[in-house]
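J.: Before I ask anything, let me first share the structure, which is written out below as structure tokens.
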Amino acid sequence: MPTLWLQKSRWIILILLYFETHVHADHLTGAKIIKNAFPSAKTAIGFNVTAVQTQFSRLFNLSNFRTDGSQFNKLIKHGESFNIGNLPFKAIHSPGHTPACMVYVIGDAVFTGDTIFMPDFGTARCDFPGGSADVLYQSIRNLFELPDEYRVFVGHDYGTEKRGLHGSLQWGKKKRITHI
């Protein structure tokens with residue numbers, strides 16, 4: 001079983017399942033790095049990664065590249081749910097940035113990947129193959145249906161002079177993103 005001992009903090013890190021929110025041309029996957037550090041860790045990604053793989057296989061003429069998602073141990077479907085220990089896990093398909101984007105809700109924590117950024121920065125770009133601003137807008141509207149008290153961890157936070165870096169937010173009753 002893979003572990004990493006950090007002496008200063010006295011924590012043992014154990015990675016059993018690694019979830020990716022999406023892949024695209026500028027970062028295809030970080031799974032290999034995780035697998036090298038934790039060989040028995042399993043990798044999981046949204047089911048529609050096959051669409052992204054097919055698009056980039058054609059675009060870059062990768063005739064020997066498998067486009068069936070088999071590079072990952074698990075393809076997660078929209079609405080799939082299970083427990084991670086005592087915490088409920090739910091997957092939400094959130095296409096728009098890419099066709100394969102997924103949001104993961106673990107307990108009261110929402111991991112959005114590039115579906116949304118901090119409210120004053122908006123969303124990710126939608127000009128990758130298969131991306132769509134209209135589809136992303138609907139994905140974000142769907143996320144706004146989550147409970148107000150949920151904590152939201154965004155894929156990117158570039159900070160501002162006024163608020164600095166946070167990386168997470170709590171929507172509360174004022175669910176909004178300035179730039180959509």
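Lettering and numbering for the structure tokens are positional, with chains as A, B, ... in the shown order, residues counted from 1 in each chain, and ligands counted from 1 in the shown order.
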Run DSSP on the backbone and give me the residues of region 15-172 of chain A it puts in alpha helix (DSSP H), as a PyMOL selection string.
T.: chain A and resi 31-37+49-59+133-143
J.: Just the selected residues (N, CA, C and O atoms), exported as a short mmCIF file (atom, residue, chain, number, x, y, z; two decimals), in the first residue's frame, please.
T.:
data_model
loop_
_atom_site.label_atom_id
_atom_site.label_comp_id
_atom_site.auth_asym_id
_atom_site.auth_seq_id
_atom_site.Cartn_x
_atom_site.Cartn_y
_atom_site.Cartn_z
N ALA A 31 -1.74 11.91 -14.17
CA ALA A 31 -1.86 10.56 -13.61
C ALA A 31 -0.54 9.82 -13.55
O ALA A 31 -0.28 9.10 -12.59
N LYS A 32 0.31 9.97 -14.55
CA LYS A 32 1.56 9.22 -14.58
C LYS A 32 2.46 9.60 -13.40
O LYS A 32 3.09 8.75 -12.81
N ILE A 33 2.49 10.87 -13.06
CA ILE A 33 3.31 11.32 -11.92
C ILE A 33 2.79 10.71 -10.63
O ILE A 33 3.56 10.22 -9.81
N ILE A 34 1.47 10.72 -10.46
CA ILE A 34 0.87 10.11 -9.26
C ILE A 34 1.16 8.62 -9.24
O ILE A 34 1.53 8.06 -8.20
N LYS A 35 1.00 7.96 -10.39
CA LYS A 35 1.24 6.51 -10.47
C LYS A 35 2.69 6.17 -10.14
O LYS A 35 2.96 5.14 -9.51
N ASN A 36 3.64 7.01 -10.56
CA ASN A 36 5.04 6.76 -10.25
C ASN A 36 5.30 6.86 -8.75
O ASN A 36 6.05 6.08 -8.19
N ALA A 37 4.68 7.84 -8.09
CA ALA A 37 4.88 8.02 -6.65
C ALA A 37 4.08 7.00 -5.82
O ALA A 37 4.52 6.61 -4.75
N VAL A 49 -13.94 11.52 -21.43
CA VAL A 49 -12.55 11.73 -21.81
C VAL A 49 -12.29 11.10 -23.18
O VAL A 49 -11.42 11.54 -23.93
N THR A 50 -13.08 10.11 -23.53
CA THR A 50 -12.90 9.46 -24.84
C THR A 50 -13.16 10.44 -25.98
O THR A 50 -12.51 10.37 -27.02
N ALA A 51 -14.08 11.38 -25.80
CA ALA A 51 -14.35 12.40 -26.82
C ALA A 51 -13.13 13.31 -26.99
O ALA A 51 -12.75 13.66 -28.11
N VAL A 52 -12.51 13.70 -25.87
CA VAL A 52 -11.32 14.55 -25.93
C VAL A 52 -10.17 13.77 -26.59
O VAL A 52 -9.46 14.30 -27.44
N GLN A 53 -10.01 12.52 -26.20
CA GLN A 53 -8.95 11.70 -26.78
C GLN A 53 -9.14 11.57 -28.30
O GLN A 53 -8.18 11.67 -29.06
N THR A 54 -10.37 11.34 -28.73
CA THR A 54 -10.66 11.20 -30.16
C THR A 54 -10.35 12.49 -30.90
O THR A 54 -9.71 12.47 -31.96
N GLN A 55 -10.77 13.62 -30.34
CA GLN A 55 -10.51 14.92 -30.98
C GLN A 55 -9.02 15.17 -31.14
O GLN A 55 -8.56 15.56 -32.21
N PHE A 56 -8.25 14.95 -30.09
CA PHE A 56 -6.82 15.23 -30.16
C PHE A 56 -6.05 14.17 -30.94
O PHE A 56 -5.03 14.48 -31.56
N SER A 57 -6.53 12.96 -30.96
CA SER A 57 -5.92 11.93 -31.79
C SER A 57 -6.01 12.33 -33.26
O SER A 57 -5.04 12.21 -34.01
N ARG A 58 -7.17 12.82 -33.66
CA ARG A 58 -7.35 13.29 -35.05
C ARG A 58 -6.54 14.55 -35.31
O ARG A 58 -5.85 14.66 -36.32
N LEU A 59 -6.61 15.52 -34.41
CA LEU A 59 -5.95 16.81 -34.59
C LEU A 59 -4.44 16.66 -34.71
O LEU A 59 -3.80 17.31 -35.53
N ALA A 133 -19.29 27.76 -24.91
CA ALA A 133 -19.70 28.72 -23.88
C ALA A 133 -21.15 28.46 -23.45
O ALA A 133 -21.47 28.56 -22.27
N ASP A 134 -22.02 28.14 -24.41
CA ASP A 134 -23.42 27.87 -24.06
C ASP A 134 -23.53 26.66 -23.13
O ASP A 134 -24.28 26.68 -22.15
N VAL A 135 -22.79 25.61 -23.43
CA VAL A 135 -22.84 24.40 -22.61
C VAL A 135 -22.22 24.66 -21.24
O VAL A 135 -22.75 24.21 -20.22
N LEU A 136 -21.11 25.42 -21.20
CA LEU A 136 -20.49 25.75 -19.93
C LEU A 136 -21.44 26.57 -19.06
O LEU A 136 -21.55 26.34 -17.85
N TYR A 137 -22.13 27.52 -19.66
CA TYR A 137 -23.09 28.34 -18.92
C TYR A 137 -24.13 27.45 -18.24
O TYR A 137 -24.44 27.61 -17.06
N GLN A 138 -24.65 26.47 -18.97
CA GLN A 138 -25.65 25.57 -18.39
C GLN A 138 -25.03 24.70 -17.28
O GLN A 138 -25.67 24.45 -16.26
N SER A 139 -23.80 24.27 -17.47
CA SER A 139 -23.12 23.50 -16.43
C SER A 139 -23.00 24.30 -15.14
O SER A 139 -23.22 23.78 -14.04
N ILE A 140 -22.66 25.59 -15.28
CA ILE A 140 -22.54 26.45 -14.10
C ILE A 140 -23.90 26.65 -13.44
O ILE A 140 -24.02 26.58 -12.22
N ARG A 141 -24.92 26.86 -14.23
CA ARG A 141 -26.28 27.01 -13.68
C ARG A 141 -26.65 25.75 -12.88
O ARG A 141 -27.27 25.84 -11.82
N ASN A 142 -26.28 24.58 -13.39
CA ASN A 142 -26.55 23.33 -12.67
C ASN A 142 -25.82 23.29 -11.33
O ASN A 142 -26.37 22.83 -10.32
N LEU A 143 -24.58 23.80 -11.29
CA LEU A 143 -23.83 23.82 -10.03
C LEU A 143 -24.47 24.75 -9.01
O LEU A 143 -24.40 24.51 -7.81
#
J.: Which residues come within 8 Å of region 108-111 of chain A, counting only C-alpha atoms, excluding same-chain residues fewer than 5 positions away, as a VMD selection string?
T.: chain A and resid 103 149 to 155
J.: For those residues, write N, CA, C and O atoms to a file as a PDB file, in the first residue's frame.
T.:
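What follows is the written file out-v3.pdb:
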ATOM      1  N   VAL A 103     -17.213  17.693 -12.163  1.00  0.00           N
ATOM      2  CA  VAL A 103     -17.128  18.309 -10.850  1.00  0.00           C
ATOM      3  C   VAL A 103     -17.347  17.186  -9.852  1.00  0.00           C
ATOM      4  O   VAL A 103     -18.212  16.329 -10.054  1.00  0.00           O
ATOM      5  N   GLU A 149     -24.509  26.242   1.512  1.00  0.00           N
ATOM      6  CA  GLU A 149     -23.441  26.118   2.511  1.00  0.00           C
ATOM      7  C   GLU A 149     -22.234  25.309   2.020  1.00  0.00           C
ATOM      8  O   GLU A 149     -21.233  25.211   2.725  1.00  0.00           O
ATOM      9  N   TYR A 150     -22.310  24.733   0.836  1.00  0.00           N
ATOM     10  CA  TYR A 150     -21.181  23.957   0.331  1.00  0.00           C
ATOM     11  C   TYR A 150     -19.965  24.844   0.095  1.00  0.00           C
ATOM     12  O   TYR A 150     -20.080  25.985  -0.335  1.00  0.00           O
ATOM     13  N   ARG A 151     -18.798  24.282   0.374  1.00  0.00           N
ATOM     14  CA  ARG A 151     -17.521  24.955   0.095  1.00  0.00           C
ATOM     15  C   ARG A 151     -17.124  24.605  -1.334  1.00  0.00           C
ATOM     16  O   ARG A 151     -17.229  23.459  -1.745  1.00  0.00           O
ATOM     17  N   VAL A 152     -16.637  25.581  -2.070  1.00  0.00           N
ATOM     18  CA  VAL A 152     -16.308  25.382  -3.480  1.00  0.00           C
ATOM     19  C   VAL A 152     -14.806  25.610  -3.677  1.00  0.00           C
ATOM     20  O   VAL A 152     -14.289  26.678  -3.337  1.00  0.00           O
ATOM     21  N   PHE A 153     -14.121  24.594  -4.198  1.00  0.00           N
ATOM     22  CA  PHE A 153     -12.690  24.674  -4.475  1.00  0.00           C
ATOM     23  C   PHE A 153     -12.513  24.758  -5.983  1.00  0.00           C
ATOM     24  O   PHE A 153     -12.851  23.825  -6.708  1.00  0.00           O
ATOM     25  N   VAL A 154     -12.001  25.894  -6.430  1.00  0.00           N
ATOM     26  CA  VAL A 154     -11.905  26.167  -7.863  1.00  0.00           C
ATOM     27  C   VAL A 154     -10.583  25.657  -8.431  1.00  0.00           C
ATOM     28  O   VAL A 154      -9.620  25.461  -7.681  1.00  0.00           O
ATOM     29  N   GLY A 155     -10.560  25.482  -9.735  1.00  0.00           N
ATOM     30  CA  GLY A 155      -9.353  24.992 -10.399  1.00  0.00           C
ATOM     31  C   GLY A 155      -8.232  26.015 -10.432  1.00  0.00           C
ATOM     32  O   GLY A 155      -7.058  25.666 -10.395  1.00  0.00           O
TER      33      GLY A 155
END
J.: Which residue is closest to His78 (chain A)? Choose from A:Phe19, A:Tyr104, A:Phe60, A:Phe65 and count only C-alpha atoms.
T.: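 Checking each candidate against His78 (chain A), we get A:Tyr104 as the closest.
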J.: From region 17-104 of chain A, collect each residue whose DSSP state is strand (DSSP E or B) and return the set as a ChimeraX atom specification.
T.: /A:17-19,24,27,42-46,74-76,81-84,87-93,102-104
J.: Considering only C-alpha atoms, return as a PyMOL selection string whatever protein or nucleic-acid residues lie within 9 Å of Asp127 (chain A), sequence-local ones (same chain, fewer than 5 positions apart) excluded.
T.: chain A and resi 97-98+132-133
J.: Filtering to C-alpha atoms, could you give me those residues as a PDB file, in the first residue's frame?
T.:
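The file below, again_22.pdb, is the result:
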ATOM      1  CA  HIS A  97     -14.502  23.964 -21.059  1.00  0.00           C
ATOM      2  CA  THR A  98     -14.007  20.490 -22.528  1.00  0.00           C
ATOM      3  CA  SER A 132     -18.829  25.527 -25.789  1.00  0.00           C
ATOM      4  CA  ALA A 133     -19.700  28.716 -23.883  1.00  0.00           C
TER       5      ALA A 133
END
J.: Compile the contact shell of Ala91 (chain A) as a ChimeraX atom specification: residues with an atom at most 8 Å away, counting only C-alpha atoms, same-chain residues fewer than 6 positions apart removed.
T.: /A:76-81,102-105
J.: Write out the residues from the selection above, keeping all heavy atoms, as a JSON list (two decimals), in the first residue's frame.
T.:
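File selection.json, as written:
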[["chain", "number", "residue", "atom", "x", "y", "z"],
["A", 76, "ILE", "N", -15.66, 7.74, -14.79],
["A", 76, "ILE", "CA", -16.77, 8.09, -13.91],
["A", 76, "ILE", "C", -17.92, 8.67, -14.71],
["A", 76, "ILE", "O", -17.73, 9.53, -15.56],
["A", 76, "ILE", "CB", -16.30, 9.09, -12.84],
["A", 76, "ILE", "CG1", -15.18, 8.45, -12.01],
["A", 76, "ILE", "CG2", -17.45, 9.54, -11.96],
["A", 76, "ILE", "CD1", -14.58, 9.37, -11.00],
["A", 77, "LYS", "N", -19.11, 8.18, -14.42],
["A", 77, "LYS", "CA", -20.32, 8.64, -15.11],
["A", 77, "LYS", "C", -20.99, 9.77, -14.34],
["A", 77, "LYS", "O", -20.85, 9.89, -13.12],
["A", 77, "LYS", "CB", -21.31, 7.48, -15.25],
["A", 77, "LYS", "CG", -20.80, 6.32, -16.07],
["A", 77, "LYS", "CD", -21.83, 5.20, -16.08],
["A", 77, "LYS", "CE", -21.22, 3.91, -16.54],
["A", 77, "LYS", "NZ", -20.50, 3.20, -15.50],
["A", 78, "HIS", "N", -21.76, 10.59, -15.07],
["A", 78, "HIS", "CA", -22.54, 11.66, -14.44],
["A", 78, "HIS", "C", -23.49, 11.04, -13.42],
["A", 78, "HIS", "O", -24.16, 10.05, -13.68],
["A", 78, "HIS", "CB", -23.33, 12.42, -15.49],
["A", 78, "HIS", "CG", -24.30, 13.40, -14.90],
["A", 78, "HIS", "ND1", -23.88, 14.56, -14.28],
["A", 78, "HIS", "CD2", -25.64, 13.37, -14.78],
["A", 78, "HIS", "CE1", -24.94, 15.21, -13.83],
["A", 78, "HIS", "NE2", -26.02, 14.50, -14.12],
["A", 79, "GLY", "N", -23.54, 11.62, -12.24],
["A", 79, "GLY", "CA", -24.46, 11.16, -11.20],
["A", 79, "GLY", "C", -23.94, 9.98, -10.41],
["A", 79, "GLY", "O", -24.58, 9.55, -9.44],
["A", 80, "GLU", "N", -22.80, 9.44, -10.78],
["A", 80, "GLU", "CA", -22.25, 8.30, -10.04],
["A", 80, "GLU", "C", -21.97, 8.72, -8.61],
["A", 80, "GLU", "O", -21.47, 9.81, -8.35],
["A", 80, "GLU", "CB", -20.96, 7.82, -10.71],
["A", 80, "GLU", "CG", -20.44, 6.53, -10.16],
["A", 80, "GLU", "CD", -19.35, 5.93, -11.03],
["A", 80, "GLU", "OE1", -19.29, 6.21, -12.24],
["A", 80, "GLU", "OE2", -18.55, 5.16, -10.46],
["A", 81, "SER", "N", -22.33, 7.87, -7.68],
["A", 81, "SER", "CA", -22.10, 8.20, -6.28],
["A", 81, "SER", "C", -21.65, 6.97, -5.51],
["A", 81, "SER", "O", -22.01, 5.85, -5.85],
["A", 81, "SER", "CB", -23.36, 8.81, -5.65],
["A", 81, "SER", "OG", -24.41, 7.89, -5.70],
["A", 102, "MET", "N", -15.62, 17.26, -15.31],
["A", 102, "MET", "CA", -16.42, 16.72, -14.21],
["A", 102, "MET", "C", -16.18, 17.58, -12.98],
["A", 102, "MET", "O", -15.10, 18.11, -12.77],
["A", 102, "MET", "CB", -16.01, 15.29, -13.88],
["A", 102, "MET", "CG", -16.21, 14.27, -14.98],
["A", 102, "MET", "SD", -17.94, 13.95, -15.38],
["A", 102, "MET", "CE", -18.41, 12.86, -14.06],
["A", 103, "VAL", "N", -17.21, 17.69, -12.16],
["A", 103, "VAL", "CA", -17.13, 18.31, -10.85],
["A", 103, "VAL", "C", -17.35, 17.19, -9.85],
["A", 103, "VAL", "O", -18.21, 16.33, -10.05],
["A", 103, "VAL", "CB", -18.20, 19.41, -10.68],
["A", 103, "VAL", "CG1", -18.32, 19.85, -9.24],
["A", 103, "VAL", "CG2", -17.88, 20.59, -11.59],
["A", 104, "TYR", "N", -16.56, 17.19, -8.78],
["A", 104, "TYR", "CA", -16.69, 16.15, -7.77],
["A", 104, "TYR", "C", -17.16, 16.79, -6.46],
["A", 104, "TYR", "O", -16.56, 17.76, -5.98],
["A", 104, "TYR", "CB", -15.37, 15.43, -7.55],
["A", 104, "TYR", "CG", -14.85, 14.78, -8.83],
["A", 104, "TYR", "CD1", -13.62, 15.12, -9.35],
["A", 104, "TYR", "CD2", -15.62, 13.84, -9.51],
["A", 104, "TYR", "CE1", -13.15, 14.53, -10.50],
["A", 104, "TYR", "CE2", -15.16, 13.24, -10.66],
["A", 104, "TYR", "CZ", -13.92, 13.59, -11.16],
["A", 104, "TYR", "OH", -13.46, 13.01, -12.32],
["A", 105, "VAL", "N", -18.21, 16.25, -5.89],
["A", 105, "VAL", "CA", -18.74, 16.71, -4.61],
["A", 105, "VAL", "C", -18.41, 15.63, -3.59],
["A", 105, "VAL", "O", -18.88, 14.49, -3.72],
["A", 105, "VAL", "CB", -20.26, 16.96, -4.68],
["A", 105, "VAL", "CG1", -20.78, 17.46, -3.34],
["A", 105, "VAL", "CG2", -20.59, 17.96, -5.79]]
